[in-house]
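Student: Submitted below is the structure of interest, expressed as structure tokens.
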Amino acid sequence: MLENEVMGMKVENPLFLAAGILGTTASSMRMVVKNGAGGIVTKSFSIEANDGYENPTIVKIEGGVINSVGLASPGVEAKREELKELTPIRSKTPVVASIYGNTADVFIDVAKKTQDYVDAFELNVSCPHAKCGYGSNIGEDPDLTYEIVKSVKDEIDNVPIIVKLTPNVTDITEIAVASQKAKADGLTLINSVGPGLRIDYKTGRPILNNKFGGIAGPMIKPIALKCVYQTYEKVDIPIMGVGGIKTYKDALEFLYAGASLLQIGTSIMYDGPGIFKTITDDLKNFLVENEYDSIKDIIGLSHRI
Amino acid sequence: MLENEVMGMKVENPLFLAAGILGTTASSMRMVVKNGAGGIVTKSFSIEANDGYENPTIVKIEGGVINSVGLASPGVEAKREELKELTPIRSKTPVVASIYGNTADVFIDVAKKTQDYVDAFELNVSCPHAKCGYGSNIGEDPDLTYEIVKSVKDEIDNVPIIVKLTPNVTDITEIAVASQKAKADGLTLINSVGPGLRIDYKTGRPILNNKFGGIAGPMIKPIALKCVYQTYEKVDIPIMGVGGIKTYKDALEFLYAGASLLQIGTSIMYDGPGIFKTITDDLKNFLVENEYDSIKDIIGLSHRI
Amino acid sequence: MLSNVYDDEVPEVVTITETITETPTVKTFIFPWKITDDIKPGQFVMVWDFKNEKPMTISVIDKQKNQMGITVRKAGPFTDNLYENIDVGDQIAIRGPYGNGYDLKGYNKILAVGGGSGTASIASLSDFYDNVNLISAASCEDELVFTQRFKDKNEEVYICTDDGSCGFKGFSTQLAEELLKEDDEYDIIIGCGPEIMTYKLYELALKYDIDCQFALDRYMKCGIGICGQCCMDETGERVCVEGPVFNKQQLSHLTEFGKYRRDASGSIVKF
Amino acid sequence: MLSNVYDDEVPEVVTITETITETPTVKTFIFPWKITDDIKPGQFVMVWDFKNEKPMTISVIDKQKNQMGITVRKAGPFTDNLYENIDVGDQIAIRGPYGNGYDLKGYNKILAVGGGSGTASIASLSDFYDNVNLISAASCEDELVFTQRFKDKNEEVYICTDDGSCGFKGFSTQLAEELLKEDDEYDIIIGCGPEIMTYKLYELALKYDIDCQFALDRYMKCGIGICGQCCMDETGERVCVEGPVFNKQQLSHLTEFGKYRRDASGSIVKF
Ligand SMILES: Cc1cc2nc3c(=O)[nH]c(=O)nc-3n(C[C@H](O)[C@H](O)[C@H](O)COP(=O)(O)OP(=O)(O)OC[C@H]3O[C@@H](n4cnc5c(N)ncnc54)[C@H](O)[C@@H]3O)c2cc1C
Ligand SMILES: Cc1cc2nc3c(=O)[nH]c(=O)nc-3n(C[C@H](O)[C@H](O)[C@H](O)COP(=O)(O)OP(=O)(O)OC[C@H]3O[C@@H](n4cnc5c(N)ncnc54)[C@H](O)[C@@H]3O)c2cc1C
Ligand SMILES: Cc1cc2nc3c(=O)[nH]c(=O)nc-3n(C[C@H](O)[C@H](O)[C@H](O)COP(=O)(O)O)c2cc1C
Ligand SMILES: Cc1cc2nc3c(=O)[nH]c(=O)nc-3n(C[C@H](O)[C@H](O)[C@H](O)COP(=O)(O)O)c2cc1C
Ligand code: FES
Ligand code: FES
């Protein structure tokens with residue numbers, strides 16, 4: 001009922017763990033799979049280890065979280081070891097490696113060093129709080145995005161390349177179209193929103209050490225849905241929808257809007273990793289009750305009615 | 001304690017009614033003033049009457065509202081009559097007319113026809129759901145914004161011109177700087193976010209008749225705060241902060257970030273027009289308890305600590 | 001209803017379980033809805049037919065079966081579509097209930113007047129109060145609504161048609177005045193219908209010095225008190241939040257009552 | 001704590017009302033906090049000094065005065081700043097409490113071992129349970145914390161210093177083993193301190209076949225279970241949510257326990 005095959009990845013359910021949430025260690029990713037995730041996206045990594053920003057880096061706010069983790073991650077060598085440990089689960093639950101860099105060469109280098117252990121790469125060109133050059137400055141520019149994606153595709157031909165886009169641009173479909181032109185195999189929409197700012201009301205101090213941070217969680221859902229819906233009308237490659245999914249109803253909205261696969265991040269904070277099983281169960285019930293044969297029947301439904 | 005004079009407007013408290021909320025008739029605006037608003041921004045209007053989009057145009061969602069009213073408004077002649085009726089309240093509560101148009105001439109025409117009855121104009125170049133040419137397409141482009149603002153300033157010299165900007169651009173400070181260069185007297189940040197999309201989970205139908213709608217209410221606060229904070233560092237003209245203000249704590253965050261005046265829209269839905277009095281009372285108490293002499297002491301505080 | 005900032009209040013899709021053709025132009029639609037104690041006669045819902053969305057009075061409040069109903073009079077594209085195309089098994093979507101209903105605690109004898117499809121607004125009163133006398137008015141016998149429903153409840157019902165095809169011949173306001181003259185036990189007059197009717201009933205309440213509550217009909221967009229579309233002169237009160245039912249004291253300040261309304265653009269349209 | 005999606009959980013600024021210099025390197029800070037029944041010994045808060053934010057055990061839970069306390073040992077820039085610069089009247093900011101504390105219902109006789117500033121984790125136990133015996137261990141007499149506080153409560157307290165400057169000379173684990181040998185009424189051993197200590201205590205619990213619960217210390221960023229920074233091998237359990245106190249069964253699956261931890265980048269650092 002929920003099975004699908006997208007970009008060559010066979011999944012039992014469409015719900016992936018989103019990048020940056022519980023995705024640092026093989027253990028935590030396995031734990032999430034045990035809890036019912038259909039697939040995994042690792043926390044973004046690059047060549048070198050990176051401590052990220054100083055705390056506070058992640059704070060729960062009204063409607064979600066604000067974060068400026070700053071792409072903290074062990075370097076590619078350490079990460080490859082974690083990825084190797086995930087081999088046993090890959091037969092049933094695809095593992096997508098989220099990677100970042102400031103040049104095409106960095107992306108390619110990281111990808112080459114890990115391509116044997118992953119089912120796809122997600123190029124994170126959209127982090128709203130990365131240090132200079134490593135984040136959304138790429139994903140804000142269609143030409144730069146095209147360059148990076150094309151270079152990576154030229155070098156990596158046996159693993160699908162997914163591009164993760166930022167909503168914090170005047171028109172996301174421009175960047176989506178550029179990615180497709182560069183032969184991206186799929187898109188992930190969206191990375192966190194903003195960035196935003198929160199200030200302590202007593203002292204006037206910005207709460208995050210980095211002041212600004214990406215916004216994620218239930219409150220960004222309408223923005224994410226718009227991005228998915230609009231992009232679906234402009235490209236032919238599959239879309240992974242992410243942003244504020246907390247219940248099966250949210251998941252349905254993304255599927256209707258055109259996402260073939262989904263990712264869940266922040267909502268794990270409310271409901272724990274068990275959220276994957278809850279949503280898959282509820283989705284199945286919904287499909288049965290509404291007499292759909294397969295989840296495929298409802299992907300993009302909003303565009304057909 | 002809360003008094004201030006900004007752009008020549010004397011206010012008893014900084015809390016204005018935001019454009020588009022209860023701002024159609026003189027009666028409703030007077031009612032809001034009776035409930036404690038320090039000033040008023042009218043619903044945006046232009047030369048011709050406009051029915052806007054068909055319903056559903058405004059729906060309460062998790063964290064706020066999504067709306068595609070589409071600048072519904074009576075034409076300038078009818079609006080002038082409403083504005084005239086507001087003359088008695090203007091001595092204590094400034095009235096700002098929000099106007100829209102697709103060319104500089106339209107803005108100028110509308111402004112000329114109403115300038116005797118208002119204390120400032122707010123140029124709405126940032127509506128995310130206006131029909132083609134009338135909305136954020138102007139405010140997404142620094143050059144276009146500059147053109148429009150400059151033309152209006154050239155013709156209207158006795159009434160302050162405030163430019164209301166959209167957050168839905170890659171870099172809002174670019175547009176803010178362009179507005180200042182064109183001699184805008186102040187800025188209003190921000191218009192609604194997105195646009196966003198919501199879909200009915202049972203049928204797959206987009207809920208708004210226009211599909212996409214601007215997002216407003218508590219959930220957009222972190223985005224609005226970031227816009228105010230960043231813009232404050234780039235311009236010298238006063239900023240009206242708007243987006244998700246619901247309690248005095250929210251108001252404080254905007255003041256710290258650099259807003260001299262504030263606007264409240266969506267939260268009237270939760271707390272009724274009485275919200276103006278509640279927040280001004282709470283703000284006063286906060287200032288007294290924290291031994292500030294005047295609200296002016298905390299405007300921009302986050303930038304000084 | 002609106003107290004929780006973070007509840008979604010998007011329209012909820014419901015499936016019609018029953019339709020009742022009341023007259024050649026009026027139909028009632030019944031659908032499942034959790035009936036809580038705060039749902040009251042006089043409140044309204046926003047009804048979405050997936051093309052447009054308009055306010056409709058709740059005409060059926062069935063707590064036992066957890067059912068709600070609305071009654072629609074063909075008056076234009078939206079109501080025509082409901083009347084013609086929506087049947088048992090079809091879906092519409094509902095948000096609400098919104099606004100304030102009638103508040104009739106403490107009254108001794110209530111005279112309720114319904115004009116045309118406005119009768120929907122008072123249709124469920126007899127499920128809540130047993131001291132209501134009803135006047136149901138229409139242009140002709142064919143257009144009378146709910147008379148059977150009222151009779152089933154053993155309420156005193158007075159029929160009234162413009163053409164005399166059934167019951168009292170003449171306007172409901174004339175009939176109301178006769179009843180008030182005859183019986184000084186009535187201590188409140190309430191109702192809903194064309195504004196020319198409710199305004200005249202309001203004048204009757206003034207003349208006979210009794211209380212009154214009338215449901216007003218204004219163009220609505222949000223239904224939740226922010227768009228300003230339904231604000232009344234001179235007080236600025238919102239029909240969707242402070243109304244749609246207003247009491248005598250409130251009505252006395254509504255300078256536009258009986259005189260004009262506003263269209264979708266907010267422009268004034270005289271009655 | 002996290003159940004409500006829409007509560008802000010940003011750090012709350014508090015003003016220090018009292019400081020207690022416990023040792024030349026350890027200080028306790030007291031501040032007002034609404035103490036609810038769900039705040040338990042072993043839980044932690046995130047402490048923001050407006051420069052950085054780090055996890056700290058709650059060492060004082062004073063329900064009567066609605067006060068909370070944390071106890072800080074100078075160990076680097078953050079803790080140095082608190083120790084040197086924060087005094088009565090100064091502000092810090094707190095979010096939490098987070099995680100699970102000790103769960104000691106149903107145990108007969110509890111042996112609680114605190115090593116160095118880890119003692120903070122068990123410091124408030126005697127306000128909740130009266131069947132706790134304490135071992136307070138430090139490198140030397142000067143570094144012993146809370147001994148007076150424990151004595152005031154009339155708890156059995158065993159002192160233990162590496163150099164024998166006070167009490168038992170040697171490691172707390174040796175002392176603990178002697179107590180366990182002597183007294184078979186102990187049915188659980190709990191505690192917090194350097195992981196080399198807690199791991200040895202865990203081995204003792206295995207050897208003497210009694211239950212155990214230990215608080216672990218891992219690098220934390222979010223404190224709310226999403227960043228993945230504090231996840232333990234092999235189960236992936238989150239120290240900030242499923243911990244920081246883990247029981248014997250959980251500990252038996254934590255393959256990194258006693259062996260290594262991860263730094264801010266997530267890279268492995270061996271003990
Ligand atoms: C609180 C309230 C309760 C109502 N209850 C009922 C009811 O139970 N049954 C019923 O048949 N009608 C009811 N109405 C009126 C109903 O909303 C309109 O008659 C209906 O919207 C007509 O729409 P249409 O497209 O069919 O006709 P149109 O040709 O579009 O309009 C016909 C008339 O309806 C008015 N109208 C149109 N759109 C709206 C709108 N969005 N809001 C308010 N008025 C509008 C127009 O001003 C016009 O006078 C109620 C109105 C209000 C305000
Ligand atoms: C649940 C929990 C409760 C704690 N309770 C206390 C307590 O009550 N009193 C106390 O003094 N210490 C406590 N700690 C440890 C305390 O958080 C660190 O000692 C402190 O952060 C050191 O920071 P620093 O800048 O002073 O030293 P640094 O020089 O930065 O670091 C010294 C050591 O602390 C560790 N550390 C640094 N930052 C963090 C971080 N964000 N999270 C966890 N460890 C970190 C480092 O890995 C290093 O081993 C606790 C830790 C955890 C996980
Ligand atoms: C704490 C945190 C860390 C994140 N780290 C990454 C990251 O490393 N790479 C990335 O592409 N996205 C990262 N994201 C973005 C998420 O993958 C996701 O796009 C976003 O949070 C929206 O989904 P959600 O609302 O379900 O959380 C992070 C988000 C959060 C909250
Ligand atoms: C129903 C509705 C109508 C609006 N109409 C206008 C408008 O006509 N002109 C305008 O500049 N902004 C309009 N806005 C945007 C608000 O003025 C404000 O910028 C935005 O809602 C954020 O503030 P809030 O979160 O306090 O509502 C509208 C917002 C809403 C919710
Ligand atoms: S319909 Fe919007 S305020 Fe009443
Ligand atoms: S500190 Fe982030 S998951 Fe534990």
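Within each chain, counting starts at residue 1; across the structure tokens, chains are named A, B, ... in the order shown, with ligands numbered 1 upward in that order.
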Near stretch 231-247 of chain C, within 10 Å and counting only C-alpha atoms, which residues show up once chain neighbours fewer than 5 positions away are dropped, as JSON, numbers by chain?

Tutor: {"B": [22, 23, 24, 25, 26, 27, 28, 29, 30, 31, 32, 34, 269, 272], "C": [41, 42, 43, 44, 45, 55, 57, 98, 99, 100, 101, 102, 103, 121, 190, 191, 192, 202, 211, 212, 213, 214, 215, 216, 217, 218, 219, 220, 221, 222, 223, 224, 225, 226, 252, 253, 254, 255, 256, 257, 260, 261, 262, 266]}

Student: With a cut-off of 12 Å and counting only C-alpha atoms, select all residues of chain C in contact with chain A and give the selection as a PDB file with all heavy atoms, in the first residue's frame.

Tutor:
ATOM      1  N   VAL C   5      -4.793  29.332  19.806  1.00  0.00           N
ATOM      2  CA  VAL C   5      -4.039  29.926  18.704  1.00  0.00           C
ATOM      3  C   VAL C   5      -3.632  28.888  17.675  1.00  0.00           C
ATOM      4  O   VAL C   5      -3.494  29.181  16.506  1.00  0.00           O
ATOM      5  CB  VAL C   5      -2.749  30.579  19.245  1.00  0.00           C
ATOM      6  CG1 VAL C   5      -1.934  31.185  18.115  1.00  0.00           C
ATOM      7  CG2 VAL C   5      -3.080  31.633  20.279  1.00  0.00           C
ATOM      8  N   TYR C   6      -3.426  27.668  18.126  1.00  0.00           N
ATOM      9  CA  TYR C   6      -2.766  26.745  17.242  1.00  0.00           C
ATOM     10  C   TYR C   6      -3.632  25.640  16.694  1.00  0.00           C
ATOM     11  O   TYR C   6      -3.132  24.698  16.109  1.00  0.00           O
ATOM     12  CB  TYR C   6      -1.507  26.221  17.915  1.00  0.00           C
ATOM     13  CG  TYR C   6      -0.543  27.362  17.965  1.00  0.00           C
ATOM     14  CD1 TYR C   6      -0.407  28.138  19.094  1.00  0.00           C
ATOM     15  CD2 TYR C   6       0.146  27.723  16.822  1.00  0.00           C
ATOM     16  CE1 TYR C   6       0.440  29.226  19.103  1.00  0.00           C
ATOM     17  CE2 TYR C   6       0.984  28.800  16.817  1.00  0.00           C
ATOM     18  CZ  TYR C   6       1.129  29.549  17.968  1.00  0.00           C
ATOM     19  OH  TYR C   6       1.955  30.628  17.962  1.00  0.00           O
ATOM     20  N   ASP C   7      -4.938  25.752  16.899  1.00  0.00           N
ATOM     21  CA  ASP C   7      -5.796  24.792  16.239  1.00  0.00           C
ATOM     22  C   ASP C   7      -6.028  25.220  14.806  1.00  0.00           C
ATOM     23  O   ASP C   7      -6.356  26.368  14.538  1.00  0.00           O
ATOM     24  CB  ASP C   7      -7.145  24.708  16.954  1.00  0.00           C
ATOM     25  CG  ASP C   7      -7.062  23.834  18.177  1.00  0.00           C
ATOM     26  OD1 ASP C   7      -6.054  23.126  18.327  1.00  0.00           O
ATOM     27  OD2 ASP C   7      -7.994  23.866  18.993  1.00  0.00           O
ATOM     28  N   ASP C   8      -5.848  24.278  13.922  1.00  0.00           N
ATOM     29  CA  ASP C   8      -6.275  24.492  12.556  1.00  0.00           C
ATOM     30  C   ASP C   8      -7.774  24.701  12.568  1.00  0.00           C
ATOM     31  O   ASP C   8      -8.492  23.990  13.268  1.00  0.00           O
ATOM     32  CB  ASP C   8      -6.004  23.201  11.753  1.00  0.00           C
ATOM     33  CG  ASP C   8      -4.960  23.409  10.682  1.00  0.00           C
ATOM     34  OD1 ASP C   8      -4.477  24.531  10.499  1.00  0.00           O
ATOM     35  OD2 ASP C   8      -4.621  22.423  10.012  1.00  0.00           O
ATOM     36  N   PHE C  50     -16.337  23.884  -2.460  1.00  0.00           N
ATOM     37  CA  PHE C  50     -15.121  23.680  -3.245  1.00  0.00           C
ATOM     38  C   PHE C  50     -14.997  24.671  -4.392  1.00  0.00           C
ATOM     39  O   PHE C  50     -14.067  24.604  -5.179  1.00  0.00           O
ATOM     40  CB  PHE C  50     -14.996  22.230  -3.744  1.00  0.00           C
ATOM     41  CG  PHE C  50     -15.134  21.223  -2.633  1.00  0.00           C
ATOM     42  CD1 PHE C  50     -16.208  20.347  -2.611  1.00  0.00           C
ATOM     43  CD2 PHE C  50     -14.227  21.187  -1.595  1.00  0.00           C
ATOM     44  CE1 PHE C  50     -16.358  19.425  -1.575  1.00  0.00           C
ATOM     45  CE2 PHE C  50     -14.368  20.281  -0.551  1.00  0.00           C
ATOM     46  CZ  PHE C  50     -15.431  19.397  -0.535  1.00  0.00           C
TER      47      PHE C  50
END

Student: Compute the chain B side of the contact with chain A at 8 Å, counting only C-alpha atoms, and hand it back as an MDAnalysis selection string.

Tutor: chainID B and resid 62:63 140 168:170 194:201 204:206 212 215 218:219 222:226 249:250 252:253 256:257 301:302 305

Student: In Å, with one decimal, what is the gap from atom CA of A:Ala216 to atom 20 (C, counted along the ligand's line) of ligand 3?

Tutor: 5.0 Å

Student: List as a PyMOL selection string the protein and nucleic acid residues lying within 8 Å of ligand 3, with only C-alpha atoms and all ligand atoms counted.

Tutor: (chain A and resi 18-21+42-45+58+64-72+98-99+122-127+164+189-193+214-221+242-246+263-267) or (chain D and resi 222+226-227)

Student: Give me every helix (DSSP H, G or I) residue in stretch 33-219 of chain C, going by DSSP on the backbone, as number ranges by chain.

Tutor: C: 77-85, 116-122, 125-127, 141-143, 147-152, 172-182, 195-207

Student: Give me, as a VMD selection string, all polymer residues having an atom no more than 8 Å from D:Ser117, counting only C-alpha atoms and skipping those fewer than 4 positions away in the same chain.

Tutor: chain D and resid 26 71 to 73 145 193

Student: Do you know which residues are at most 8 Å from D:Ile35 counting only C-alpha atoms, after dropping those on the same chain fewer than 4 positions away, and could you put them as a PDB file with N, CA, C and O atoms, in the first residue's frame?

Tutor:
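Once written, out-v6.pdb looks like this:
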ATOM      1  N   ILE D  39       9.523  17.808  38.550  1.00  0.00           N
ATOM      2  CA  ILE D  39      10.973  18.057  38.575  1.00  0.00           C
ATOM      3  C   ILE D  39      11.628  17.084  39.553  1.00  0.00           C
ATOM      4  O   ILE D  39      11.258  17.033  40.721  1.00  0.00           O
ATOM      5  N   ILE D  61      16.412  21.490  44.525  1.00  0.00           N
ATOM      6  CA  ILE D  61      14.997  21.517  44.139  1.00  0.00           C
ATOM      7  C   ILE D  61      14.222  21.880  45.398  1.00  0.00           C
ATOM      8  O   ILE D  61      13.893  21.025  46.203  1.00  0.00           O
ATOM      9  N   ASP D  62      13.953  23.156  45.563  1.00  0.00           N
ATOM     10  CA  ASP D  62      13.347  23.625  46.811  1.00  0.00           C
ATOM     11  C   ASP D  62      11.906  24.030  46.550  1.00  0.00           C
ATOM     12  O   ASP D  62      11.619  25.131  46.094  1.00  0.00           O
ATOM     13  N   LYS D  63      11.020  23.120  46.865  1.00  0.00           N
ATOM     14  CA  LYS D  63       9.621  23.342  46.532  1.00  0.00           C
ATOM     15  C   LYS D  63       9.008  24.430  47.389  1.00  0.00           C
ATOM     16  O   LYS D  63       8.160  25.204  46.923  1.00  0.00           O
ATOM     17  N   ASN D  66      10.240  27.718  46.168  1.00  0.00           N
ATOM     18  CA  ASN D  66      10.255  27.817  44.707  1.00  0.00           C
ATOM     19  C   ASN D  66      11.601  28.317  44.208  1.00  0.00           C
ATOM     20  O   ASN D  66      11.729  29.359  43.559  1.00  0.00           O
ATOM     21  N   GLN D  67      12.609  27.534  44.545  1.00  0.00           N
ATOM     22  CA  GLN D  67      13.962  27.849  44.118  1.00  0.00           C
ATOM     23  C   GLN D  67      14.595  26.637  43.478  1.00  0.00           C
ATOM     24  O   GLN D  67      14.313  25.503  43.847  1.00  0.00           O
ATOM     25  N   MET D  68      15.464  26.898  42.542  1.00  0.00           N
ATOM     26  CA  MET D  68      16.230  25.831  41.925  1.00  0.00           C
ATOM     27  C   MET D  68      17.693  26.197  42.073  1.00  0.00           C
ATOM     28  O   MET D  68      18.037  27.371  42.256  1.00  0.00           O
TER      29      MET D  68
END

Student: Can you pull out every residue within 10 Å of D:Ala138, counting only C-alpha atoms, but drop anything in the same chain fewer than 3 positions away, and send it as a ChimeraX atom specification?

Tutor: /D:114-119,135,141-145,159-166,170-172,193

Student: Kindly save the residues from that selection, with N, CA, C and O atoms included, as a compact mmCIF listing (two decimals), in the first residue's frame.

Tutor:
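result-v1.txt, written as the output of this step:
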# COMPACT_ATOMS: atom_id res chain seq x y z
N GLY D 114 28.57 9.91 44.47
CA GLY D 114 28.84 11.12 43.69
C GLY D 114 30.32 11.35 43.60
O GLY D 114 31.01 11.38 44.62
N GLY D 115 30.79 11.51 42.38
CA GLY D 115 32.22 11.79 42.20
C GLY D 115 32.41 13.21 41.74
O GLY D 115 31.88 13.60 40.72
N GLY D 116 33.14 14.00 42.51
CA GLY D 116 33.41 15.39 42.15
C GLY D 116 32.12 16.14 41.95
O GLY D 116 31.15 15.97 42.70
N SER D 117 32.07 16.97 40.88
CA SER D 117 30.87 17.78 40.68
C SER D 117 29.68 16.92 40.27
O SER D 117 28.55 17.37 40.29
N GLY D 118 29.95 15.67 39.89
CA GLY D 118 28.86 14.74 39.60
C GLY D 118 27.95 14.56 40.80
O GLY D 118 26.78 14.17 40.66
N THR D 119 28.50 14.84 41.97
CA THR D 119 27.69 14.76 43.19
C THR D 119 26.43 15.63 43.09
O THR D 119 25.41 15.35 43.73
N ILE D 135 27.85 8.19 49.19
CA ILE D 135 29.29 8.29 49.15
C ILE D 135 29.64 9.55 48.38
O ILE D 135 29.21 9.72 47.24
N GLU D 141 40.22 16.67 50.31
CA GLU D 141 39.20 17.20 51.20
C GLU D 141 38.60 18.50 50.67
O GLU D 141 37.38 18.72 50.73
N ASP D 142 39.49 19.38 50.16
CA ASP D 142 39.04 20.68 49.65
C ASP D 142 37.98 20.57 48.58
O ASP D 142 37.19 21.49 48.37
N GLU D 143 38.01 19.45 47.86
CA GLU D 143 37.11 19.33 46.71
C GLU D 143 35.83 18.57 47.03
O GLU D 143 35.03 18.30 46.14
N LEU D 144 35.66 18.21 48.25
CA LEU D 144 34.41 17.52 48.64
C LEU D 144 33.24 18.50 48.58
O LEU D 144 33.35 19.64 49.04
N VAL D 145 32.13 18.07 48.00
CA VAL D 145 30.98 18.96 47.93
C VAL D 145 29.79 18.40 48.67
O VAL D 145 29.62 17.17 48.76
N ILE D 159 32.56 9.62 53.36
CA ILE D 159 33.46 10.51 52.64
C ILE D 159 34.62 9.69 52.10
O ILE D 159 35.01 8.68 52.69
N CYS D 160 35.14 10.17 51.01
CA CYS D 160 36.16 9.37 50.35
C CYS D 160 37.01 10.30 49.50
O CYS D 160 36.49 11.07 48.68
N THR D 161 38.31 10.31 49.76
CA THR D 161 39.22 11.16 48.97
C THR D 161 40.35 10.33 48.42
O THR D 161 40.82 9.38 49.06
N ASP D 162 40.80 10.71 47.22
CA ASP D 162 41.89 9.98 46.57
C ASP D 162 43.13 9.98 47.46
O ASP D 162 43.84 8.97 47.57
N ASP D 163 43.37 11.15 48.08
CA ASP D 163 44.62 11.28 48.83
C ASP D 163 44.43 11.02 50.33
O ASP D 163 45.34 11.20 51.13
N GLY D 164 43.24 10.64 50.71
CA GLY D 164 42.99 10.33 52.11
C GLY D 164 42.95 11.54 53.02
O GLY D 164 42.92 11.43 54.24
N SER D 165 42.89 12.75 52.42
CA SER D 165 42.88 13.95 53.25
C SER D 165 41.61 14.03 54.09
O SER D 165 41.51 14.81 55.03
N CYS D 166 40.66 13.23 53.75
CA CYS D 166 39.43 13.17 54.53
C CYS D 166 38.75 11.85 54.24
O CYS D 166 38.73 11.38 53.10
N GLY D 170 41.14 6.49 48.91
CA GLY D 170 41.03 5.63 47.74
C GLY D 170 39.86 6.03 46.88
O GLY D 170 39.29 7.12 47.05
N PHE D 171 39.53 5.17 45.93
CA PHE D 171 38.46 5.52 45.00
C PHE D 171 37.09 5.19 45.58
O PHE D 171 36.96 4.25 46.37
N SER D 172 36.11 5.92 45.14
CA SER D 172 34.76 5.71 45.62
C SER D 172 34.29 4.30 45.29
O SER D 172 33.49 3.71 46.01
N GLY D 193 29.34 10.82 38.08
CA GLY D 193 30.71 11.26 38.27
C GLY D 193 31.49 10.97 37.01
O GLY D 193 30.89 10.73 35.96

Student: In Å, how far is it from atom CA of B:Leu83 to atom CA of B:Val33?

Tutor: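 Going from atom CA of B:Leu83 over to atom CA of B:Val33 covers 14.0 Å.
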
Student: Which residues, written as an NGL selection string, have at least one atom at most 8 Å from C:Arg95, with only C-alpha atoms counted and residues fewer than 6 positions away on the same chain left out?

Tutor: :C and (9-12 or 45-47)

Student: Could those residues be written to a file, using N, CA and C atoms, as a CSV table (one decimal), in the first residue's frame?

Tutor:
chain,number,residue,atom,x,y,z
C,9,GLU,N,-8.2,25.7,11.8
C,9,GLU,CA,-9.7,25.8,11.7
C,9,GLU,C,-10.1,25.8,10.2
C,10,VAL,N,-9.4,25.0,9.4
C,10,VAL,CA,-9.7,24.9,8.0
C,10,VAL,C,-11.1,24.2,7.9
C,11,PRO,N,-11.7,24.4,6.8
C,11,PRO,CA,-13.0,23.7,6.6
C,11,PRO,C,-12.9,22.2,6.7
C,12,GLU,N,-13.9,21.6,7.4
C,12,GLU,CA,-13.9,20.2,7.6
C,12,GLU,C,-14.9,19.6,6.6
C,45,VAL,N,-22.3,28.9,10.2
C,45,VAL,CA,-21.1,28.2,9.7
C,45,VAL,C,-20.7,28.8,8.4
C,46,MET,N,-19.4,28.6,8.0
C,46,MET,CA,-19.0,29.0,6.7
C,46,MET,C,-19.1,27.7,5.9
C,47,VAL,N,-19.8,27.7,4.7
C,47,VAL,CA,-20.0,26.5,3.9
C,47,VAL,C,-19.2,26.6,2.6

Student: Would you tabulate, counting only C-alpha atoms and all ligand atoms, all residues of chain A that have an atom at most 12 Å from an atom of ligand 2, showing the closest pair of atoms and their distance in Å to one decimal, sorted by chain then ascending number, as a Markdown table?

Tutor:
| residue | atom | partner | partner_atom_place_in_ligand_line | distance |
| --- | --- | --- | --- | --- |
| A:Asp51 | CA | ligand 2 | 38 (N) | 11.0 |
| A:Gly52 | CA | ligand 2 | 41 (N) | 11.9 |
| A:Tyr53 | CA | ligand 2 | 41 (N) | 11.1 |
| A:Glu54 | CA | ligand 2 | 41 (N) | 8.4 |
| A:Asn55 | CA | ligand 2 | 41 (N) | 7.0 |
| A:Pro56 | CA | ligand 2 | 41 (N) | 9.0 |
| A:Thr57 | CA | ligand 2 | 41 (N) | 10.1 |
| A:Ile58 | CA | ligand 2 | 41 (N) | 11.7 |

Student: Could you dump the residues just selected with C-alpha atoms as a PDB file, in the first residue's frame?

Tutor:
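Here's the written file result27.pdb:
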ATOM      1  CA  ASP A  51      32.049  21.889  15.441  1.00  0.00           C
ATOM      2  CA  GLY A  52      29.389  24.272  14.168  1.00  0.00           C
ATOM      3  CA  TYR A  53      28.364  27.307  16.160  1.00  0.00           C
ATOM      4  CA  GLU A  54      28.485  27.651  19.906  1.00  0.00           C
ATOM      5  CA  ASN A  55      25.294  27.049  21.871  1.00  0.00           C
ATOM      6  CA  PRO A  56      22.527  28.058  22.019  1.00  0.00           C
ATOM      7  CA  THR A  57      22.196  26.457  18.607  1.00  0.00           C
ATOM      8  CA  ILE A  58      18.743  24.893  18.797  1.00  0.00           C
TER       9      ILE A  58
END
